[in-house]
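Listing of coords-v8.txt; format and content: compact mmCIF, C-alpha atoms.
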# COMPACT_ATOMS: atom_id res chain seq x y z
CA MET A 1 42.98 4.55 -8.89
CA LYS A 2 41.44 4.39 -12.36
CA ILE A 3 37.94 5.85 -12.40
CA LEU A 4 35.37 5.78 -15.20
CA LEU A 5 33.25 8.91 -14.81
CA ILE A 6 29.96 8.75 -16.71
CA GLY A 7 28.59 12.26 -17.09
CA ALA A 8 31.96 13.95 -16.83
CA THR A 9 31.00 17.39 -18.15
CA GLY A 10 27.97 18.16 -15.98
CA MET A 11 28.06 20.65 -13.12
CA ILE A 12 28.90 17.95 -10.58
CA GLY A 13 30.77 15.64 -12.94
CA ARG A 14 33.34 18.31 -13.79
CA ARG A 15 34.10 18.87 -10.15
CA ILE A 16 34.41 15.16 -9.44
CA ALA A 17 36.91 14.88 -12.29
CA ASP A 18 38.90 17.85 -10.99
CA GLU A 19 38.93 16.54 -7.41
CA ALA A 20 39.97 13.03 -8.40
CA ARG A 21 42.74 14.26 -10.66
CA ARG A 22 44.12 16.66 -8.07
CA ARG A 23 44.57 13.61 -5.82
CA GLY A 24 46.47 11.75 -8.51
CA HIS A 25 43.72 9.45 -9.76
CA GLU A 26 43.30 8.64 -13.44
CA VAL A 27 39.87 9.65 -14.74
CA THR A 28 38.28 8.47 -17.97
CA GLY A 29 35.38 10.77 -18.77
CA VAL A 30 32.32 9.53 -20.64
CA THR A 31 29.63 11.68 -22.26
CA ARG A 32 26.90 11.19 -24.84
CA SER A 33 28.60 13.64 -27.22
CA GLY A 34 32.22 12.61 -26.77
CA ASN A 35 33.20 16.27 -26.44
CA GLU A 36 35.96 17.74 -24.28
CA ASP A 37 38.29 14.75 -24.51
CA THR A 38 35.71 12.28 -23.25
CA ALA A 39 34.75 8.88 -24.58
CA LYS A 40 31.40 8.79 -26.39
CA ALA A 41 28.80 6.40 -24.99
CA GLU A 42 25.27 6.25 -23.65
CA ALA A 43 25.03 5.16 -20.03
CA ARG A 44 22.18 2.82 -20.99
CA ASP A 45 24.44 0.96 -23.46
CA ALA A 46 25.73 -1.90 -21.31
CA ASP A 47 28.06 -3.18 -24.02
CA ALA A 48 29.72 0.22 -24.43
CA ILE A 49 30.05 0.71 -20.67
CA ALA A 50 31.52 -2.78 -20.25
CA GLU A 51 34.15 -2.04 -22.87
CA LEU A 52 35.05 1.35 -21.40
CA VAL A 53 35.19 0.26 -17.77
CA LYS A 54 37.58 -2.65 -18.38
CA GLY A 55 40.81 -2.09 -16.46
CA HIS A 56 39.25 0.50 -14.15
CA ASP A 57 38.93 0.22 -10.38
CA ALA A 58 35.61 2.00 -10.08
CA ALA A 59 32.86 3.79 -11.96
CA VAL A 60 30.93 6.93 -11.06
CA LEU A 61 27.47 7.53 -12.50
CA ALA A 62 26.85 11.28 -12.61
CA VAL A 63 24.08 11.69 -15.18
CA ALA A 64 20.96 13.78 -14.80
CA PRO A 65 17.53 12.77 -16.10
CA PRO A 66 16.03 14.67 -19.05
CA ARG A 67 14.95 18.22 -18.24
CA ASP A 68 12.91 18.85 -21.38
CA GLY A 69 9.50 18.17 -19.88
CA SER A 70 9.48 14.50 -20.84
CA ASP A 71 9.32 11.66 -18.33
CA PRO A 72 12.65 11.77 -16.46
CA ALA A 73 12.38 8.41 -14.70
CA GLY A 74 12.46 6.06 -17.69
CA PRO A 75 15.73 7.32 -19.21
CA LEU A 76 17.43 7.61 -15.82
CA LEU A 77 16.52 4.04 -14.90
CA GLU A 78 17.71 2.85 -18.31
CA SER A 79 21.04 4.53 -17.59
CA GLY A 80 21.21 2.88 -14.19
CA ARG A 81 20.49 -0.58 -15.56
CA GLY A 82 22.97 -0.11 -18.41
CA VAL A 83 25.75 0.83 -16.01
CA LEU A 84 24.97 -2.01 -13.59
CA ASP A 85 25.00 -4.53 -16.43
CA GLY A 86 28.13 -3.03 -17.97
CA LEU A 87 30.07 -3.26 -14.72
CA ARG A 88 29.02 -6.88 -14.25
CA ARG A 89 30.15 -7.83 -17.74
CA ALA A 90 33.53 -6.21 -17.16
CA GLY A 91 33.99 -7.65 -13.68
CA VAL A 92 34.20 -4.22 -12.02
CA ARG A 93 32.40 -4.12 -8.68
CA ARG A 94 32.78 -0.57 -7.35
CA LEU A 95 30.12 2.01 -8.29
CA VAL A 96 29.34 5.40 -6.80
CA VAL A 97 26.11 7.10 -7.90
CA VAL A 98 25.55 10.86 -7.81
CA GLY A 99 22.04 10.95 -6.42
CA GLY A 100 19.35 13.39 -5.43
CA ALA A 101 18.11 14.83 -2.15
CA GLY A 102 14.38 14.38 -2.65
CA SER A 103 14.24 10.86 -1.20
CA LEU A 104 15.96 11.89 2.04
CA ARG A 105 13.80 11.73 5.15
CA VAL A 106 12.77 14.86 7.04
CA ALA A 107 11.33 15.48 10.50
CA GLY A 108 8.21 13.39 10.91
CA GLY A 109 9.52 10.59 8.70
CA GLY A 110 8.32 11.75 5.30
CA ARG A 111 10.43 12.36 2.23
CA HIS A 112 11.89 15.77 1.45
CA VAL A 113 10.24 15.67 -2.00
CA ASP A 114 6.82 15.38 -0.31
CA SER A 115 7.35 18.46 1.87
CA PRO A 116 4.98 21.38 1.13
CA SER A 117 7.96 23.65 0.49
CA PHE A 118 9.53 21.41 -2.16
CA PRO A 119 9.42 23.24 -5.54
CA ASP A 120 6.97 21.64 -7.96
CA ALA A 121 9.34 22.24 -10.88
CA TYR A 122 11.93 19.87 -9.39
CA LYS A 123 9.60 17.10 -8.24
CA PRO A 124 9.74 14.92 -11.39
CA GLU A 125 13.55 14.84 -11.32
CA ALA A 126 13.62 14.24 -7.57
CA LEU A 127 11.18 11.36 -7.86
CA ALA A 128 13.23 9.88 -10.71
CA GLN A 129 16.38 10.03 -8.60
CA GLY A 130 14.52 8.27 -5.81
CA GLU A 131 13.52 5.52 -8.23
CA LEU A 132 17.17 5.14 -9.23
CA LEU A 133 18.10 4.65 -5.58
CA GLU A 134 15.47 1.95 -5.21
CA LEU A 135 16.69 0.29 -8.42
CA VAL A 136 20.25 0.16 -7.10
CA ARG A 137 19.11 -1.14 -3.73
CA ALA A 138 17.04 -3.88 -5.37
CA GLU A 139 19.29 -4.94 -8.23
CA ALA A 140 22.91 -4.24 -7.26
CA ALA A 141 23.42 -6.50 -4.25
CA ASP A 142 26.30 -8.15 -6.11
CA LEU A 143 28.12 -4.83 -6.58
CA ASP A 144 29.93 -2.55 -4.13
CA TRP A 145 27.71 0.49 -4.64
CA THR A 146 27.29 3.77 -2.81
CA TYR A 147 24.58 6.33 -3.55
CA ILE A 148 25.47 9.85 -2.42
CA SER A 149 22.69 12.38 -1.94
CA PRO A 150 23.62 16.06 -1.76
CA ALA A 151 22.01 18.60 0.52
CA ALA A 152 18.69 20.14 -0.55
CA LEU A 153 20.63 22.87 -2.37
CA ILE A 154 23.81 22.09 -4.30
CA GLN A 155 25.48 24.69 -6.48
CA PRO A 156 28.94 25.85 -7.54
CA GLY A 157 30.88 27.40 -4.70
CA GLU A 158 33.97 26.98 -2.58
CA ARG A 159 36.00 23.88 -1.80
CA THR A 160 36.37 23.93 1.98
CA GLY A 161 36.82 20.24 2.75
CA THR A 162 34.61 20.73 5.82
CA PHE A 163 31.14 19.20 5.85
CA ARG A 164 28.97 16.60 7.58
CA LEU A 165 28.01 13.14 6.42
CA GLY A 166 24.71 11.46 7.18
CA GLY A 167 22.56 8.53 6.15
CA ASP A 168 18.95 8.65 4.96
CA GLU A 169 17.97 11.89 6.74
CA LEU A 170 18.22 15.38 5.27
CA LEU A 171 20.96 17.32 7.06
CA THR A 172 20.22 20.93 8.00
CA ASP A 173 22.05 23.64 9.91
CA ASP A 174 20.77 25.46 13.01
CA GLU A 175 18.63 27.72 10.82
CA GLY A 176 17.06 24.84 8.93
CA ASN A 177 19.10 25.35 5.75
CA SER A 178 20.46 22.37 3.83
CA THR A 179 23.28 23.29 1.46
CA ILE A 180 26.55 22.01 -0.01
CA SER A 181 28.85 23.32 -2.70
CA ALA A 182 29.40 21.11 -5.73
CA GLU A 183 33.11 21.30 -4.92
CA ASP A 184 32.68 19.88 -1.41
CA TYR A 185 30.23 17.27 -2.69
CA ALA A 186 33.03 16.13 -5.01
CA VAL A 187 35.44 15.98 -2.07
CA ALA A 188 33.04 13.70 -0.19
CA LEU A 189 32.52 11.48 -3.22
CA VAL A 190 36.22 10.98 -3.89
CA ASP A 191 36.76 10.40 -0.16
CA GLU A 192 34.26 7.54 -0.41
CA LEU A 193 35.98 6.11 -3.48
CA GLU A 194 39.24 6.05 -1.55
CA LYS A 195 37.96 4.82 1.82
CA ASN A 196 34.98 2.56 0.94
CA GLN A 197 33.20 3.37 4.20
CA ALA A 198 29.62 3.34 2.90
CA VAL A 199 29.44 0.28 0.66
CA ARG A 200 25.90 -0.87 -0.25
CA ARG A 201 24.15 2.07 1.34
CA ARG A 202 23.13 5.67 0.76
CA ILE A 203 24.86 8.58 2.43
CA THR A 204 24.33 12.32 2.26
CA VAL A 205 26.65 15.32 2.55
CA ALA A 206 25.84 18.84 3.75
CA TYR A 207 27.20 21.70 5.79
With the file now loaded, output its structure as structure tokens.
Amino acid sequence: MKILLIGATGMIGRRIADEARRRGHEVTGVTRSGNEDTAKAEARDADAIAELVKGHDAAVLAVAPPRDGSDPAGPLLESGRGVLDGLRRAGVRRLVVVGGAGSLRVAGGGRHVDSPSFPDAYKPEALAQGELLELVRAEAADLDWTYISPAALIQPGERTGTFRLGGDELLTDDEGNSTISAEDYAVALVDELEKNQAVRRRITVAY
């Protein structure tokens, strides 16, 4: 499979690239800087994305919103729209989005981001990721998309290949913890690229 990976040098993007390549897939990395043997393009630039994604089987959007104190939602939604338009222009239908956990539902039916324990510092980014999910749900009905939310805590760790998959609810263990390693998140994402079991819906992955 030929995969265009937008945001290939981020914490999660790197691990997706490694996981896909270890399974024999061809990965074309895309970054804003063009560093580390990646193509240079902005995700919001539909023309650039259309040109890069030609001849690929799927695209992965793994970009984070700005973390400089500015509004994170606007730029992230611009990136989402640029990628959706770029895929349409190139005739590529498959898209997997690296999402956030804040929009997952918790006990009682509310969102994780609205829980009293959710850190204030991460709320703007979590809300922006939730808006991206709603954008994809509303505007990508013609594409074969999947939005993958991690657990509440995702960080570098071990690749075990053992985890649980869910839908719109936050997954927790018996002690109420919700975690996943970035390595196992990447395993789940590449699994989905290969199996196409969650097309046009959001899933989540956690231990």
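When all atoms listed in the file are used to compute distances to A:Ala64, the closest of the residues A:Ala41, A:Gly10, A:Glu26, A:Leu52 turns out to be A:Gly10.
With distances restricted to all atoms listed in the file, A:Arg15 is the closest residue to A:Gly157 from A:Arg44, A:Arg15, A:Arg94, A:Arg23.
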For A:Asp184, which residue among A:Glu19, A:Leu87, A:Thr146, A:Gly7 is the nearest when counting only C-alpha atoms?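 That would be A:Glu19, the residue with the smallest distance to A:Asp184.
Distances to A:Asp173 were evaluated for A:Ala151, A:Leu5, A:Glu192, A:Ala58 using all atoms listed in the file, and the minimum falls at A:Ala151.
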Nearest to A:Ser70: which of A:Pro119, A:Pro124, A:Gly82, A:Gly108 is it, counting only C-alpha atoms?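 Of the candidates, the smallest distance to A:Ser70 is held by A:Pro124.
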How far is it from atom CA of A:Ala39 to atom CA of A:Pro75, in Å with one decimal? 19.8 Å
One decimal place gives the atom CA of A:Ala121-atom CA of A:Leu95 separation as 29.1 Å
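Shortest atom-to-atom contact with A:Leu104 among A:Ile16, A:Ile3, A:Leu133, A:Ala140: A:Leu133, counting all atoms listed in the file.
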Which residues of stretch 111-147 of chain A come within 8 Å of stretch 193-201 of chain A, and for each one, what is the closest pair of atoms and their distance in Å to one decimal, counting only C-alpha atoms, sorted by chain and residue number, as a Markdown table?
| residue | atom | partner | partner_atom | distance |
| --- | --- | --- | --- | --- |
| A:Arg137 | CA | A:Arg200 | CA | 7.6 |
| A:Ala141 | CA | A:Arg200 | CA | 7.3 |
| A:Leu143 | CA | A:Arg200 | CA | 7.8 |
| A:Asp144 | CA | A:Val199 | CA | 5.6 |
| A:Trp145 | CA | A:Arg200 | CA | 4.9 |
| A:Thr146 | CA | A:Val199 | CA | 5.4 |
| A:Tyr147 | CA | A:Arg201 | CA | 6.5 |
Atom CA of A:Val136 to atom CA of A:Leu171: how many Å, to one decimal? 22.3 Å
Point (13.5, 7.9, -14.4) neighbourhood (8 Å, only C-alpha atoms) written as a list in words: Pro65, Asp71, Pro72, Ala73, Gly74, Pro75, Leu76, Leu77, Glu78, Glu125, Leu127, Ala128, Gln129, Glu131 and Leu132 of chain A
Please identify all polymer residues within 12 Å of A:Lys123, counting all atoms listed in the file, omitting same-chain residues fewer than 5 positions from it, and present them as a PDB file with C-alpha atoms, in the frame of the given file.
ATOM      1  CA  PRO A  65      17.530  12.770 -16.100  1.00  0.00           C
ATOM      2  CA  ARG A  67      14.950  18.220 -18.240  1.00  0.00           C
ATOM      3  CA  GLY A  69       9.500  18.170 -19.880  1.00  0.00           C
ATOM      4  CA  ASP A  71       9.320  11.660 -18.330  1.00  0.00           C
ATOM      5  CA  PRO A  72      12.650  11.770 -16.460  1.00  0.00           C
ATOM      6  CA  ALA A  73      12.380   8.410 -14.700  1.00  0.00           C
ATOM      7  CA  GLY A 100      19.350  13.390  -5.430  1.00  0.00           C
ATOM      8  CA  ALA A 101      18.110  14.830  -2.150  1.00  0.00           C
ATOM      9  CA  GLY A 102      14.380  14.380  -2.650  1.00  0.00           C
ATOM     10  CA  SER A 103      14.240  10.860  -1.200  1.00  0.00           C
ATOM     11  CA  ARG A 111      10.430  12.360   2.230  1.00  0.00           C
ATOM     12  CA  HIS A 112      11.890  15.770   1.450  1.00  0.00           C
ATOM     13  CA  VAL A 113      10.240  15.670  -2.000  1.00  0.00           C
ATOM     14  CA  ASP A 114       6.820  15.380  -0.310  1.00  0.00           C
ATOM     15  CA  SER A 115       7.350  18.460   1.870  1.00  0.00           C
ATOM     16  CA  PRO A 116       4.980  21.380   1.130  1.00  0.00           C
ATOM     17  CA  SER A 117       7.960  23.650   0.490  1.00  0.00           C
ATOM     18  CA  PHE A 118       9.530  21.410  -2.160  1.00  0.00           C
ATOM     19  CA  ALA A 128      13.230   9.880 -10.710  1.00  0.00           C
ATOM     20  CA  GLN A 129      16.380  10.030  -8.600  1.00  0.00           C
ATOM     21  CA  GLY A 130      14.520   8.270  -5.810  1.00  0.00           C
TER      22      GLY A 130
END
Distance query A:Arg81 at most 9 Å, only C-alpha atoms, self and fewer than 6 positions along chain excluded, as a PyMOL selection string: chain A and resi 43-46+135-136+139
Which residues come within 7 Å of A:Ile6, counting only C-alpha atoms, excluding same-chain residues fewer than 6 positions away, as a list of chain:residue names? A:Gly29, A:Val30, A:Thr31, A:Ala43, A:Val60, A:Leu61, A:Ala62, A:Val63
A:Ala50: which residues within 10 Å, counting only C-alpha atoms, same-chain residues fewer than 4 positions away excluded, as number ranges by chain? A: 45-46, 54, 82-92
Next, dump the selected residues to file, keeping only C-alpha atoms, as a PDB file, in the frame of the given file.
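Ended up saving to part_5.pdb:
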ATOM      1  CA  ASP A  45      24.440   0.960 -23.460  1.00  0.00           C
ATOM      2  CA  ALA A  46      25.730  -1.900 -21.310  1.00  0.00           C
ATOM      3  CA  LYS A  54      37.580  -2.650 -18.380  1.00  0.00           C
ATOM      4  CA  GLY A  82      22.970  -0.110 -18.410  1.00  0.00           C
ATOM      5  CA  VAL A  83      25.750   0.830 -16.010  1.00  0.00           C
ATOM      6  CA  LEU A  84      24.970  -2.010 -13.590  1.00  0.00           C
ATOM      7  CA  ASP A  85      25.000  -4.530 -16.430  1.00  0.00           C
ATOM      8  CA  GLY A  86      28.130  -3.030 -17.970  1.00  0.00           C
ATOM      9  CA  LEU A  87      30.070  -3.260 -14.720  1.00  0.00           C
ATOM     10  CA  ARG A  88      29.020  -6.880 -14.250  1.00  0.00           C
ATOM     11  CA  ARG A  89      30.150  -7.830 -17.740  1.00  0.00           C
ATOM     12  CA  ALA A  90      33.530  -6.210 -17.160  1.00  0.00           C
ATOM     13  CA  GLY A  91      33.990  -7.650 -13.680  1.00  0.00           C
ATOM     14  CA  VAL A  92      34.200  -4.220 -12.020  1.00  0.00           C
TER      15      VAL A  92
END
Student task, stretch 143-159 of chain A output with N, CA and C atoms as a compact mmCIF listing (two decimals), in the first residue's frame:
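Final file, selection-v8.txt:
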# COMPACT_ATOMS: atom_id res chain seq x y z
N LEU A 143 -16.06 10.38 1.08
CA LEU A 143 -14.75 9.76 1.25
C LEU A 143 -14.84 8.60 2.24
N ASP A 144 -13.88 7.70 2.17
CA ASP A 144 -13.82 6.56 3.08
C ASP A 144 -12.92 6.93 4.26
N TRP A 145 -13.48 7.68 5.21
CA TRP A 145 -12.67 8.21 6.31
C TRP A 145 -12.82 7.39 7.57
N THR A 146 -11.80 7.47 8.40
CA THR A 146 -11.85 6.93 9.77
C THR A 146 -11.12 7.92 10.67
N TYR A 147 -11.72 8.25 11.78
CA TYR A 147 -11.12 9.15 12.77
C TYR A 147 -10.77 8.30 13.98
N ILE A 148 -9.51 8.28 14.38
CA ILE A 148 -9.08 7.41 15.47
C ILE A 148 -8.65 8.24 16.67
N SER A 149 -9.44 8.14 17.74
CA SER A 149 -9.12 8.81 18.99
C SER A 149 -8.23 7.92 19.84
N PRO A 150 -7.20 8.49 20.46
CA PRO A 150 -6.40 7.70 21.40
C PRO A 150 -7.10 7.62 22.75
N ALA A 151 -6.46 6.97 23.69
CA ALA A 151 -6.91 7.02 25.08
C ALA A 151 -6.69 8.43 25.63
N ALA A 152 -7.12 8.66 26.87
CA ALA A 152 -6.94 9.98 27.47
C ALA A 152 -5.47 10.36 27.54
N LEU A 153 -4.61 9.39 27.78
CA LEU A 153 -3.16 9.64 27.83
C LEU A 153 -2.47 8.81 26.77
N ILE A 154 -1.78 9.49 25.86
CA ILE A 154 -0.96 8.80 24.86
C ILE A 154 0.44 9.37 24.95
N GLN A 155 1.43 8.49 25.00
CA GLN A 155 2.82 8.92 25.11
C GLN A 155 3.72 7.81 24.58
N PRO A 156 4.99 8.14 24.28
CA PRO A 156 5.91 7.10 23.82
C PRO A 156 6.01 5.97 24.83
N GLY A 157 6.12 4.75 24.30
CA GLY A 157 6.20 3.60 25.19
C GLY A 157 6.57 2.35 24.44
N GLU A 158 5.90 1.27 24.74
CA GLU A 158 6.22 -0.04 24.19
C GLU A 158 5.21 -0.45 23.15
N ARG A 159 5.68 -1.14 22.13
CA ARG A 159 4.79 -1.74 21.13
C ARG A 159 4.45 -3.14 21.60
